[in-house]
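J.: Here it is, the structure, as structure tokens.
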Amino acid sequence: MKKVSAGIDIGGTNTVFGWVESNGHFLWRGGVKTTDFKDPKDLVKQVSRQLLDNLEENEAMGIGIGAPNGNYYNGTVEFAPNLDWPNYVPLKEYFNDYFDMPVIVTNDANATALGEMVYGSAKGVNNFIMVTLGTGLGSGIVTNGQVVYGHDAFAGELGHVIVEEGGRSCGCGRNGCLETYASATAISRTAKELTSKKYTSVQVFEAANNGEQWALEAFDFTARKLGLALANAAAITSPKIIYLFGGLALAGELLFKPTKLYMEENLLSIYKNKIQILPSSLDGADAAILGASALVWKEIS
Ligand SMILES: [Zn+2]
């Protein structure tokens, strides 16, 4: 019999979940299509059944859930982008119908940060920022060993820090947010502006690797905005490490090197040459479940 926690990641298209030991080892994993369930209650029922059917002789310690706009304080999901759900979904309450144990909810970016802290290279690092560069830009901020949740549980949205007044239109309804300049989607947008042609982020990466000037420019522009925003973030929380994670972070040195350069250029001198920018140590495919399951270990430790 092993002690395990459930990690559940609810995404706009897929929901993935599994039973995970406190060392990050998976005992079982499963998945369903989020869009197959009109009522979130039915999704919870299906996920819970699968988890219970596959718990075997192990001891469940808790349920951790990463979901868009997941509220750590009250366990609800509020106005979730990309989910066709009611405005307030009491997710914790729904799961407690199946599991009489701690159920902890937060957004996916905070969960990823916790995954790095519990299982990854941020173990013992008390001050860091985890930046996920995917379709959008998500971030989890850890200070003094705790995720920053803020007054309403929605703190740490670096993706919606405005880096260009009156700049690109953002999905949040405003203009000039960082995620419109630094994300997989954003670099395609930059490439379009530079060439008038459509490229995916992977195509921009390949072209930059082949030394094509426009693609190198696209990376440089992305890094300039990201580096500036990270320098500003550093002034607020003074992190030891900034992790970059997600599809665009796979570009490696093409992104990391100029981002570090522009961050240093914009840093207040007291922070200069102190902050590392590193790739996440978590496996991209497992990170979402690991992060959610880490919520439980962090909570009960
Ligand atoms: Zn925005």
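For the structure tokens, the naming scheme is as follows: chains receive sequential letters (A, B, ...) according to their order of presentation, residues are indexed from 1 within each chain, and ligands are indexed from 1 in presentation order.
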Would you list the residues that come within 12 Å of ligand 1? Count only C-alpha atoms and all ligand atoms and give the answer as number ranges by chain.

T.: A: 136-138, 157-182

J.: Would you write out those residues with C-alpha atoms, as a compact mmCIF listing (two decimals), in the first residue's frame?

T.:
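Full text of part.txt as output:
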# COMPACT_ATOMS: atom_id res chain seq x y z
CA GLY A 136 -0.82 32.11 -23.76
CA LEU A 137 1.60 33.04 -21.00
CA GLY A 138 0.89 31.65 -17.53
CA GLU A 157 -0.74 37.00 -13.88
CA LEU A 158 2.48 38.09 -15.53
CA GLY A 159 0.90 37.34 -18.92
CA HIS A 160 -1.38 40.32 -18.47
CA VAL A 161 1.21 42.84 -17.42
CA ILE A 162 1.08 45.57 -20.07
CA VAL A 163 4.42 45.92 -21.83
CA GLU A 164 3.27 48.18 -24.66
CA GLU A 165 0.75 50.92 -24.05
CA GLY A 166 -1.96 50.68 -26.71
CA GLY A 167 -0.22 47.60 -28.10
CA ARG A 168 -1.56 44.34 -29.49
CA SER A 169 -5.12 43.37 -28.60
CA CYS A 170 -5.31 40.65 -25.95
CA GLY A 171 -7.90 37.95 -25.24
CA CYS A 172 -8.55 39.66 -21.89
CA GLY A 173 -10.06 42.63 -23.71
CA ARG A 174 -7.17 45.03 -23.13
CA ASN A 175 -4.12 45.96 -25.18
CA GLY A 176 -0.38 45.39 -24.97
CA CYS A 177 -0.30 42.45 -22.54
CA LEU A 178 2.94 40.44 -22.33
CA GLU A 179 1.25 37.27 -23.59
CA THR A 180 0.46 38.97 -26.90
CA TYR A 181 4.24 39.35 -27.41
CA ALA A 182 5.73 36.33 -25.62

J.: Tell me, which residues of range 7-102 of chain A carry DSSP helix (DSSP H, G or I), written as an MDAnalysis selection string?

T.: chainID A and resid 34:36 40:53 91:96

J.: Neighbouring residues of Leu52 in chain A were defined as those with any atom within 9 Å, considering only C-alpha atoms; residues of the same chain fewer than 5 positions away were excluded. Please report them as a list in words.

T.: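 Residues near the query, excluding close chain neighbours: Val47, Tyr98 and Phe99 of chain A.
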
J.: Only all heavy atoms, please: the residues just picked out, written as a compact mmCIF listing (two decimals), in the first residue's frame.

T.:
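This went into out.txt:
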# COMPACT_ATOMS: atom_id res chain seq x y z
N VAL A 47 -14.39 11.42 -13.98
CA VAL A 47 -12.99 11.45 -13.52
C VAL A 47 -12.88 10.73 -12.17
O VAL A 47 -11.97 9.91 -11.96
CB VAL A 47 -12.49 12.91 -13.40
CG1 VAL A 47 -11.12 12.97 -12.73
CG2 VAL A 47 -12.42 13.57 -14.78
N TYR A 98 -17.30 12.53 -3.88
CA TYR A 98 -16.69 11.21 -4.16
C TYR A 98 -15.50 10.93 -3.26
O TYR A 98 -15.12 9.77 -3.07
CB TYR A 98 -16.23 11.14 -5.62
CG TYR A 98 -17.37 11.33 -6.59
CD1 TYR A 98 -17.72 12.60 -7.06
CD2 TYR A 98 -18.13 10.23 -7.01
CE1 TYR A 98 -18.78 12.77 -7.93
CE2 TYR A 98 -19.18 10.40 -7.89
CZ TYR A 98 -19.52 11.67 -8.33
OH TYR A 98 -20.57 11.84 -9.19
N PHE A 99 -14.87 11.98 -2.77
CA PHE A 99 -13.65 11.81 -1.98
C PHE A 99 -13.76 12.57 -0.66
O PHE A 99 -13.88 13.79 -0.66
CB PHE A 99 -12.43 12.32 -2.74
CG PHE A 99 -12.16 11.59 -4.03
CD1 PHE A 99 -12.65 12.07 -5.24
CD2 PHE A 99 -11.42 10.42 -4.03
CE1 PHE A 99 -12.40 11.40 -6.43
CE2 PHE A 99 -11.16 9.74 -5.22
CZ PHE A 99 -11.66 10.23 -6.42

J.: Just asking: which residues within range 86-182 of chain A are strand (DSSP E or B) according to DSSP, as number ranges by chain?

T.: A: 88-89, 103-106, 128-133, 137-143, 146-147, 162, 169, 175, 177

J.: Quick one: of A:Lys41, A:Lys274, A:Arg49, A:His25, who's nearest to Val89 in chain A, counting only C-alpha atoms?

T.: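 Smallest separation from Val89 in chain A among the options: A:Lys41.
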
J.: Under the rule that only C-alpha atoms are counted, which of A:Leu230, A:Ile242, A:Ala288, A:Leu268 is the nearest residue to Ala6 in chain A?

T.: A:Ala288

J.: Interatomic distance between CA of Asn69 in chain A and CA of Trp28 in chain A?

T.: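 Here the two named atoms are 26.3 Å from each other.
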
J.: Which residues come within 12 Å of Asp286 in chain A, counting only C-alpha atoms, excluding same-chain residues fewer than 2 positions away, as a PyMOL selection string?

T.: chain A and resi 7-9+16-20+24-26+28-30+112+115-116+119-120+246+281-284+288-293
